[in-house]
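Asks: The following file, structure.cif, comprises mmCIF, C-alpha atoms:
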data_model
loop_
_atom_site.label_atom_id
_atom_site.label_comp_id
_atom_site.auth_asym_id
_atom_site.auth_seq_id
_atom_site.Cartn_x
_atom_site.Cartn_y
_atom_site.Cartn_z
CA MET H 25 15.59 60.34 121.97
CA ARG H 26 16.24 64.03 121.44
CA GLY H 27 14.39 65.89 118.72
CA ARG H 28 16.21 66.40 115.39
CA ARG H 29 16.19 69.27 112.95
CA GLY H 30 17.33 69.08 109.33
CA LEU H 31 19.79 71.78 108.32
CA THR H 32 20.51 73.43 105.03
CA VAL H 33 23.79 74.99 103.91
CA LEU H 34 22.55 78.54 104.50
CA ILE H 35 20.19 78.20 107.47
CA VAL H 36 21.35 76.30 110.51
CA MET H 37 19.05 75.52 113.43
CA LEU H 38 20.43 74.98 116.91
CA ALA H 39 18.67 72.63 119.34
CA THR H 40 17.46 74.34 122.52
CA LEU H 41 18.91 72.33 125.36
CA SER H 42 17.67 72.30 128.93
CA GLY H 43 19.99 74.16 131.26
CA CYS H 44 22.13 75.69 128.47
CA SER H 45 21.84 79.12 126.88
CA PHE H 46 21.93 77.90 123.27
CA ASN H 47 20.03 79.98 120.72
CA ASN H 48 18.11 78.23 117.92
CA ASP H 49 17.57 81.12 115.51
CA TYR H 50 20.43 82.37 113.38
CA VAL H 51 21.72 82.43 109.82
CA VAL H 52 25.03 81.30 108.37
CA LYS H 53 26.03 83.50 105.46
CA THR H 54 28.46 82.15 102.86
CA GLU H 55 30.64 85.22 102.59
CA LEU H 56 34.13 85.86 103.86
CA SER H 57 34.37 87.79 107.08
CA SER H 58 35.90 91.24 106.81
CA LEU H 59 37.41 90.54 110.23
CA PHE H 60 39.22 87.33 109.26
CA GLY H 61 39.11 87.40 105.46
CA ALA H 62 41.54 85.22 103.57
CA LYS H 63 43.82 84.98 106.59
CA THR H 64 41.81 82.20 108.14
CA GLY H 65 39.22 81.42 105.51
CA CYS H 66 36.43 81.74 108.04
CA ILE H 67 32.82 81.97 106.90
CA LYS H 68 30.98 84.83 108.56
CA VAL H 69 28.24 83.82 110.97
CA GLU H 70 25.50 86.39 111.56
CA LYS H 71 23.38 85.64 114.61
CA LYS H 72 20.02 87.32 115.04
CA ILE H 73 20.09 87.12 118.83
CA PRO H 74 23.69 87.00 120.11
CA VAL H 75 24.08 84.89 123.24
CA PRO H 76 27.51 84.37 124.89
CA ASP H 77 27.31 80.59 124.70
CA ASP H 78 25.85 80.38 121.20
CA ILE H 79 27.36 77.72 119.00
CA THR H 80 26.70 76.91 115.36
CA VAL H 81 25.59 73.31 114.89
CA HIS H 82 25.68 71.98 111.35
CA GLU H 83 23.36 69.02 111.79
CA GLU H 84 23.46 66.36 109.10
CA VAL H 85 21.47 63.13 108.78
CA ILE H 86 22.43 60.04 106.77
CA THR H 87 19.93 57.21 106.37
CA VAL H 88 21.74 53.87 106.52
CA PRO H 89 20.06 50.70 105.21
CA GLY H 90 20.29 47.85 107.70
CA LEU H 91 20.96 50.05 110.70
CA THR H 92 18.65 49.24 113.61
CA GLU H 93 19.57 52.01 116.07
CA GLU H 94 20.28 55.69 115.62
CA PHE H 95 23.93 56.71 116.06
CA GLU H 96 25.08 60.27 116.75
CA LEU H 97 28.50 61.87 116.84
CA VAL H 98 29.68 65.42 117.37
CA PHE H 99 32.70 66.63 115.40
CA THR H 100 34.94 69.64 115.99
CA ALA H 101 38.18 70.75 114.34
CA ASP H 102 40.43 73.80 114.09
CA ASN H 103 39.86 75.09 117.60
CA HIS H 104 43.40 76.56 117.66
CA ILE H 105 43.71 76.84 121.43
CA SER H 106 46.85 78.85 122.22
CA LEU H 107 47.41 78.68 125.97
CA CYS H 108 50.92 79.18 127.32
CA ASP H 109 52.59 79.33 130.73
CA ASP H 110 56.14 79.63 132.06
CA ARG H 111 57.05 76.12 130.96
CA ASP H 112 56.94 77.36 127.36
CA ALA H 113 58.23 80.88 127.96
CA SER H 114 60.35 80.81 124.81
CA VAL H 115 57.23 80.87 122.62
CA ALA H 116 55.08 83.06 124.89
CA GLU H 117 55.06 86.07 122.58
CA LYS H 118 53.89 84.09 119.57
CA ALA H 119 51.33 82.28 121.73
CA LYS H 120 49.93 85.62 122.90
CA GLU H 121 49.53 86.83 119.33
CA ARG H 122 47.85 83.61 118.27
CA TYR H 123 45.57 83.71 121.33
CA GLU H 124 44.21 87.06 120.16
CA TYR H 125 44.13 85.97 116.53
CA PHE H 126 41.80 82.99 116.90
CA LYS H 127 38.65 84.52 118.34
CA CYS H 128 34.98 83.87 117.75
CA PHE H 129 32.82 86.57 116.21
CA ASP H 130 31.27 87.14 119.63
CA GLY H 131 34.70 87.97 121.07
CA SER H 132 35.33 84.64 122.81
CA HIS H 133 38.86 83.30 122.76
CA ALA H 134 39.50 79.79 121.45
CA ASP H 135 39.68 78.19 124.90
CA GLU H 136 36.36 79.80 125.86
CA SER H 137 34.80 78.61 122.60
CA PHE H 138 36.07 75.10 123.33
CA GLU H 139 34.34 75.20 126.71
CA SER H 140 31.08 76.00 124.90
CA VAL H 141 31.63 73.01 122.62
CA ILE H 142 32.30 70.79 125.63
CA LYS H 143 29.13 72.09 127.30
CA TYR H 144 27.17 71.15 124.20
CA VAL H 145 28.64 67.64 124.11
CA GLU H 146 27.81 67.16 127.79
CA SER H 147 24.21 68.23 127.17
CA GLU H 148 23.71 66.30 123.94
CA GLU H 149 25.34 63.05 125.11
CA PRO H 150 26.23 61.71 121.64
CA ASN H 151 27.62 58.25 121.10
CA LEU H 152 31.03 59.73 120.24
CA PHE H 153 32.93 63.03 120.24
CA VAL H 154 35.48 63.35 117.42
CA LEU H 155 38.20 66.00 117.42
CA GLY H 156 39.64 66.37 113.95
CA GLY H 157 42.95 68.19 114.34
CA ASP H 158 44.37 71.62 115.11
CA VAL H 159 42.53 71.52 118.41
CA VAL H 160 45.57 73.08 120.05
CA ASP H 161 47.44 75.67 118.01
CA SER H 162 50.83 74.60 119.32
CA ALA H 163 52.25 71.81 121.47
CA MET H 164 52.40 73.95 124.60
CA TYR H 165 51.86 72.25 127.93
CA ALA H 166 49.12 74.62 129.10
CA GLY H 167 46.97 74.10 126.01
CA ILE H 168 47.41 70.34 125.94
CA GLU H 169 46.59 70.01 129.64
CA PHE H 170 43.56 72.28 129.24
CA VAL H 171 42.13 70.11 126.46
CA PHE H 172 42.96 66.88 128.25
CA GLY H 173 41.27 68.16 131.41
CA LYS H 174 38.08 69.03 129.55
CA LEU H 175 38.00 65.71 127.72
CA SER H 176 38.61 63.81 130.96
CA GLU H 177 35.44 65.31 132.42
CA LEU H 178 33.28 63.89 129.63
CA GLU H 179 31.35 60.66 129.95
CA THR H 180 31.19 60.55 126.15
CA PRO H 181 34.05 58.60 124.51
CA TYR H 182 36.25 60.57 122.14
CA LEU H 183 38.75 60.20 119.32
CA TYR H 184 41.45 62.85 118.87
CA GLY H 185 43.14 63.35 115.50
CA ILE H 186 46.32 65.35 114.96
CA GLY H 187 46.43 68.24 112.50
CA ASN H 188 49.28 70.29 111.11
CA HIS H 189 49.27 72.76 114.02
CA ASP H 190 48.83 70.50 117.05
CA PHE H 191 52.58 69.93 117.36
CA GLU H 192 53.89 73.17 115.87
CA TYR H 193 56.17 74.96 118.33
CA GLY H 194 57.59 78.40 117.68
CA SER H 195 59.52 78.12 114.43
CA GLU H 196 59.49 74.32 114.60
CA TYR H 197 56.95 73.34 111.94
CA TYR H 198 57.35 69.98 110.23
CA THR H 199 60.96 69.84 111.38
CA SER H 200 62.75 66.85 112.88
CA VAL H 201 62.64 68.65 116.24
CA ALA H 202 58.87 69.13 115.98
CA PHE H 203 58.39 65.41 115.36
CA SER H 204 60.88 64.22 117.98
CA GLU H 205 60.22 66.69 120.83
CA TYR H 206 56.77 68.24 120.47
CA LEU H 207 54.56 65.66 118.78
CA PRO H 208 55.10 63.25 121.73
CA ARG H 209 53.52 65.80 124.08
CA LEU H 210 50.15 64.97 122.50
CA SER H 211 50.36 61.41 123.80
CA GLN H 212 48.65 62.73 126.94
CA ILE H 213 45.51 63.14 124.83
CA SER H 214 45.84 60.57 122.07
CA ASP H 215 47.78 57.51 120.95
CA ILE H 216 50.29 58.93 118.48
CA SER H 217 52.18 55.69 117.89
CA ASN H 218 50.95 54.76 114.41
CA GLY H 219 48.78 57.58 113.06
CA VAL H 220 45.38 55.94 113.45
CA ARG H 221 42.73 55.24 116.11
CA SER H 222 39.37 53.54 115.79
CA ILE H 223 36.45 52.76 118.07
CA GLU H 224 33.87 50.05 117.47
CA PHE H 225 30.20 50.17 118.43
CA ASP H 226 27.47 47.58 117.87
CA GLU H 227 26.72 48.68 114.31
CA VAL H 228 29.20 51.48 113.60
CA VAL H 229 32.98 51.88 113.49
CA VAL H 230 34.63 55.31 113.52
CA LEU H 231 38.25 55.63 112.39
CA ILE H 232 40.42 58.73 112.64
CA ALA H 233 43.65 58.95 110.63
CA ASP H 234 46.39 61.55 111.05
CA ASP H 235 47.13 63.14 107.67
CA TYR H 236 48.92 66.28 108.87
CA CYS H 237 51.68 65.72 106.30
CA ASN H 238 49.09 65.32 103.53
CA LYS H 239 49.50 61.58 103.81
CA VAL H 240 48.37 58.74 106.04
CA THR H 241 50.48 55.99 107.54
CA PRO H 242 50.56 52.38 106.32
CA ALA H 243 49.01 51.48 109.69
CA ALA H 244 46.05 53.75 108.90
CA LEU H 245 45.51 52.01 105.58
CA ALA H 246 45.73 48.59 107.23
CA GLU H 247 43.28 49.59 109.96
CA LEU H 248 40.81 51.01 107.46
CA ARG H 249 40.93 47.79 105.48
CA ARG H 250 40.39 45.80 108.68
CA VAL H 251 37.37 47.75 109.92
CA CYS H 252 35.83 47.56 106.45
CA THR H 253 35.62 43.78 106.85
CA LEU H 254 33.56 43.90 110.07
CA GLY H 255 30.17 44.19 108.40
CA LYS H 256 29.47 47.53 110.07
CA THR H 257 28.90 51.10 108.90
CA VAL H 258 32.21 52.99 108.83
CA ILE H 259 32.81 56.71 109.38
CA VAL H 260 36.29 58.09 108.60
CA SER H 261 37.79 61.27 110.02
CA VAL H 262 40.88 63.05 108.67
CA HIS H 263 42.19 66.58 109.03
CA VAL H 264 42.89 67.48 105.39
CA PRO H 265 39.77 67.14 103.19
CA ILE H 266 39.70 64.87 100.17
CA GLU H 267 39.13 66.51 96.82
CA PRO H 268 35.53 65.67 95.82
CA GLY H 269 34.83 63.60 92.74
CA VAL H 270 31.44 65.25 92.27
CA GLY H 271 31.44 69.03 91.68
CA ASP H 272 34.29 71.45 92.27
CA SER H 273 32.91 73.98 94.78
CA LEU H 274 35.20 72.85 97.62
CA TRP H 275 38.19 72.98 95.29
CA GLU H 276 37.29 76.47 94.05
CA MET H 277 36.56 77.82 97.54
CA SER H 278 39.78 76.42 98.97
CA LYS H 279 41.81 78.12 96.24
CA ALA H 280 39.96 81.41 96.61
CA ILE H 281 40.60 81.52 100.35
CA TRP H 282 43.99 79.86 100.75
CA GLY H 283 45.59 80.52 97.38
CA GLN H 284 46.81 77.97 94.90
CA GLY H 285 50.00 76.21 94.00
CA ALA H 286 51.44 75.35 90.64
CA ASP H 287 49.03 74.54 87.83
CA ALA H 288 46.08 76.00 89.78
CA ARG H 289 46.23 73.25 92.41
CA SER H 290 44.56 73.64 95.78
CA ARG H 291 47.09 73.82 98.61
CA VAL H 292 44.75 72.51 101.31
CA LEU H 293 43.05 69.43 99.83
CA LEU H 294 44.17 65.92 98.93
CA GLY H 295 43.60 64.85 95.35
CA SER H 296 44.79 64.78 91.76
CA ASN H 297 44.19 68.54 91.35
CA SER H 298 45.45 69.44 94.82
CA CYS H 299 48.15 67.98 97.06
CA THR H 300 48.93 64.73 95.25
CA PRO H 301 48.53 61.71 97.55
CA ASP H 302 51.39 59.25 97.87
CA GLU H 303 50.77 55.58 97.09
CA THR H 304 49.58 54.67 100.59
CA THR H 305 47.30 57.68 100.88
CA GLN H 306 45.79 57.07 97.45
CA ALA H 307 45.09 53.47 98.46
CA PHE H 308 43.41 54.82 101.63
CA ILE H 309 41.20 57.11 99.52
CA ASP H 310 40.45 54.28 97.08
CA GLU H 311 39.34 52.07 99.98
CA ILE H 312 36.86 54.75 101.03
CA LEU H 313 35.53 55.19 97.51
CA ARG H 314 35.33 51.60 96.27
CA ALA H 315 31.85 50.56 95.16
CA ASP H 316 31.23 48.09 97.99
CA SER H 317 32.92 50.09 100.76
CA PRO H 318 30.99 50.35 104.06
CA VAL H 319 32.26 53.92 104.51
CA LYS H 320 29.27 56.27 104.53
CA ALA H 321 30.90 59.60 105.41
CA VAL H 322 34.20 61.41 105.80
CA LEU H 323 34.71 64.15 108.38
CA ALA H 324 37.46 66.73 107.83
CA GLY H 325 38.60 70.22 108.83
CA HIS H 326 41.67 72.30 107.94
CA VAL H 327 40.09 74.88 105.60
CA HIS H 328 38.16 76.89 108.25
CA PHE H 329 34.81 76.94 106.51
CA TYR H 330 31.86 74.57 106.52
CA HIS H 331 31.25 72.58 103.36
CA LYS H 332 29.28 69.49 102.37
CA ASP H 333 30.08 67.58 99.21
CA MET H 334 29.98 64.14 97.60
CA LEU H 335 33.27 62.31 97.19
CA ASN H 336 31.48 59.96 94.82
CA ASP H 337 27.86 58.96 94.28
CA ARG H 338 27.49 57.47 97.79
CA VAL H 339 30.11 58.89 100.21
CA THR H 340 29.44 62.33 101.70
CA GLN H 341 32.23 64.52 103.05
CA PHE H 342 31.47 67.02 105.81
CA VAL H 343 34.16 69.67 106.25
CA ALA H 344 33.80 71.37 109.62
CA GLY H 345 33.61 75.08 110.24
CA PRO H 346 36.29 76.33 112.67
CA GLY H 347 35.92 75.30 116.28
CA PHE H 348 37.39 78.60 117.44
CA ASN H 349 34.27 80.19 115.96
CA LYS H 350 32.06 77.76 117.95
CA GLU H 351 31.13 75.74 114.88
CA ILE H 352 30.58 72.01 115.19
CA THR H 353 29.13 69.26 113.03
CA LYS H 354 26.56 66.83 114.39
CA LEU H 355 26.23 63.72 112.27
CA ILE H 356 23.26 61.41 112.80
CA LEU H 357 23.10 57.95 111.25
CA LYS H 358 19.46 56.99 111.07
CA PRO H 359 17.79 53.66 110.25
CA GLU H 360 15.58 53.65 107.17
CA ASN H 361 12.41 53.06 109.17
CA ILE H 362 12.84 56.13 111.42
CA GLN H 363 11.46 59.39 110.15
CA LYS H 364 13.01 62.77 110.89
#
Show me this structure written as structure tokens.
Replies:
Amino acid sequence: MRGRRGLTVLIVMLATLSGCSFNNDYVVKTELSSLFGAKTGCIKVEKKIPVPDDITVHEEVITVPGLTEEFELVFTADNHISLCDDRDASVAEKAKERYEYFKCFDGSHADESFESVIKYVESEEPNLFVLGGDVVDSAMYAGIEFVFGKLSELETPYLYGIGNHDFEYGSEYYTSVAFSEYLPRLSQISDISNGVRSIEFDEVVVLIADDYCNKVTPAALAELRRVCTLGKTVIVSVHVPIEPGVGDSLWEMSKAIWGQGADARSRVLLGSNSCTPDETTQAFIDEILRADSPVKAVLAGHVHFYHKDMLNDRVTQFVAGPGFNKEITKLILKPENIQK
């Protein structure tokens, strides 16, 4: 089994992998980038030794009572790949602007950063690769086919969740046309039929729910309830983070970066002080948070900065840094009897 390193919020260590030019010595600073600023809410990453294929790995470990084997997943979100060809000529100008907009601090474009993430997944060979939304910046054929091609090359299984940008197209954003014409294009990558996918392993179940409209589907709630009866550890992935019940740093940071709505509400979280969940979505959140729930962690994206918080006294939420900046989260579930 590969060696593990514990990470802190401010100092992130990257595993040195055979055959890959990954650097294991850099610092993540919690300050807004002067390059991106409040436009993207990206946390500045300062690397001591810049290497073209450097990626930032936020490695997190959860000890799970009763688990007998270690389980590892790699999570990415907000890659914002904006590739366009003649088939989508009508949105080419916007695609070009967005292609230049979403760049890593080392100058890599989003598609190049995604290739670095894929290289890492190939080298690390986790149990599962989870893509948590806004992987493509628009439902353009070139971007979708690029991502599908890269995922098809992996031996690692994957789950793909849909964010608020994956099926945006030109000025079509949350319109009936976006849902009827452009969302279906993502069916090449993921099952979009009912807003939820899950995959079951010997001791772990991972479920990904589409909450791009700040709500989940009834099918997602039903599937979460089903997998919670299997007697296995459950990991849930969404795109929009859940407002934490312990502390308010995520809430404050999200407002500082993305602005706030009426009554000082966060515009980019789900919760009573943010985007108010509908009845189904609140029941979904309640299922995660109930005292005897087997859910151990929630993975999210959307806000473009890395954050770790407690939803309650036992469920941790990991909000991913932006994939276009080569940030990923590696989550390791570890049995109690295995030391770091």
Asks: Compile the contact shell of Ser211 in chain H as an mmCIF file with C-alpha atoms, keeping the file's coordinate frame: residues with an atom at most 12 Å away, counting only C-alpha atoms, same-chain residues fewer than 3 positions apart removed.
Replies:
data_model
loop_
_atom_site.group_PDB
_atom_site.id
_atom_site.type_symbol
_atom_site.label_atom_id
_atom_site.label_comp_id
_atom_site.auth_asym_id
_atom_site.auth_seq_id
_atom_site.Cartn_x
_atom_site.Cartn_y
_atom_site.Cartn_z
ATOM 1 C CA ALA H 163 52.250 71.810 121.470
ATOM 2 C CA TYR H 165 51.860 72.250 127.930
ATOM 3 C CA ILE H 168 47.410 70.340 125.940
ATOM 4 C CA GLU H 169 46.590 70.010 129.640
ATOM 5 C CA PHE H 172 42.960 66.880 128.250
ATOM 6 C CA TYR H 184 41.450 62.850 118.870
ATOM 7 C CA GLY H 185 43.140 63.350 115.500
ATOM 8 C CA ILE H 186 46.320 65.350 114.960
ATOM 9 C CA ASP H 190 48.830 70.500 117.050
ATOM 10 C CA PHE H 191 52.580 69.930 117.360
ATOM 11 C CA GLU H 205 60.220 66.690 120.830
ATOM 12 C CA TYR H 206 56.770 68.240 120.470
ATOM 13 C CA LEU H 207 54.560 65.660 118.780
ATOM 14 C CA PRO H 208 55.100 63.250 121.730
ATOM 15 C CA SER H 214 45.840 60.570 122.070
ATOM 16 C CA ASP H 215 47.780 57.510 120.950
ATOM 17 C CA ILE H 216 50.290 58.930 118.480
ATOM 18 C CA SER H 217 52.180 55.690 117.890
ATOM 19 C CA ASN H 218 50.950 54.760 114.410
ATOM 20 C CA GLY H 219 48.780 57.580 113.060
#
Asks: Could you state which residues are captured by the PyMOL selection byres ((chain H and resi 330-346) around 7) in this file, as a PyMOL selection string?
Replies: chain H and resi 100-103+265+268-270+274+313+319-325+328-329+347-353
Asks: Nearest to Phe153 in chain H: which of H:Ile223, H:Ile281, H:Leu210, H:Ala307 is it, counting only C-alpha atoms?
Replies: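 Smallest separation from Phe153 in chain H among the options: H:Ile223.
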Asks: Would you pick out the contacts of Gly295 in chain H at 7 Å or less, using only C-alpha atoms, so that residues sharing its chain but fewer than 6 positions from it are not included, and give the list as a PyMOL selection string?
Replies: chain H and resi 266-267+301
Asks: Pick from H:Asp287, H:Gly167, H:His326, H:Ser162: nearest to Ser195 in chain H, with all atoms listed in the file counted?
Replies: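 Residue with the minimum atom-to-atom distance to Ser195 in chain H: H:Ser162.
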Asks: One number please: CA of Ala233 in chain H to CA of Val327 in chain H, in Å, one decimal.
Replies: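 Between CA of Ala233 in chain H and CA of Val327 in chain H the gap works out to 17.1 Å.
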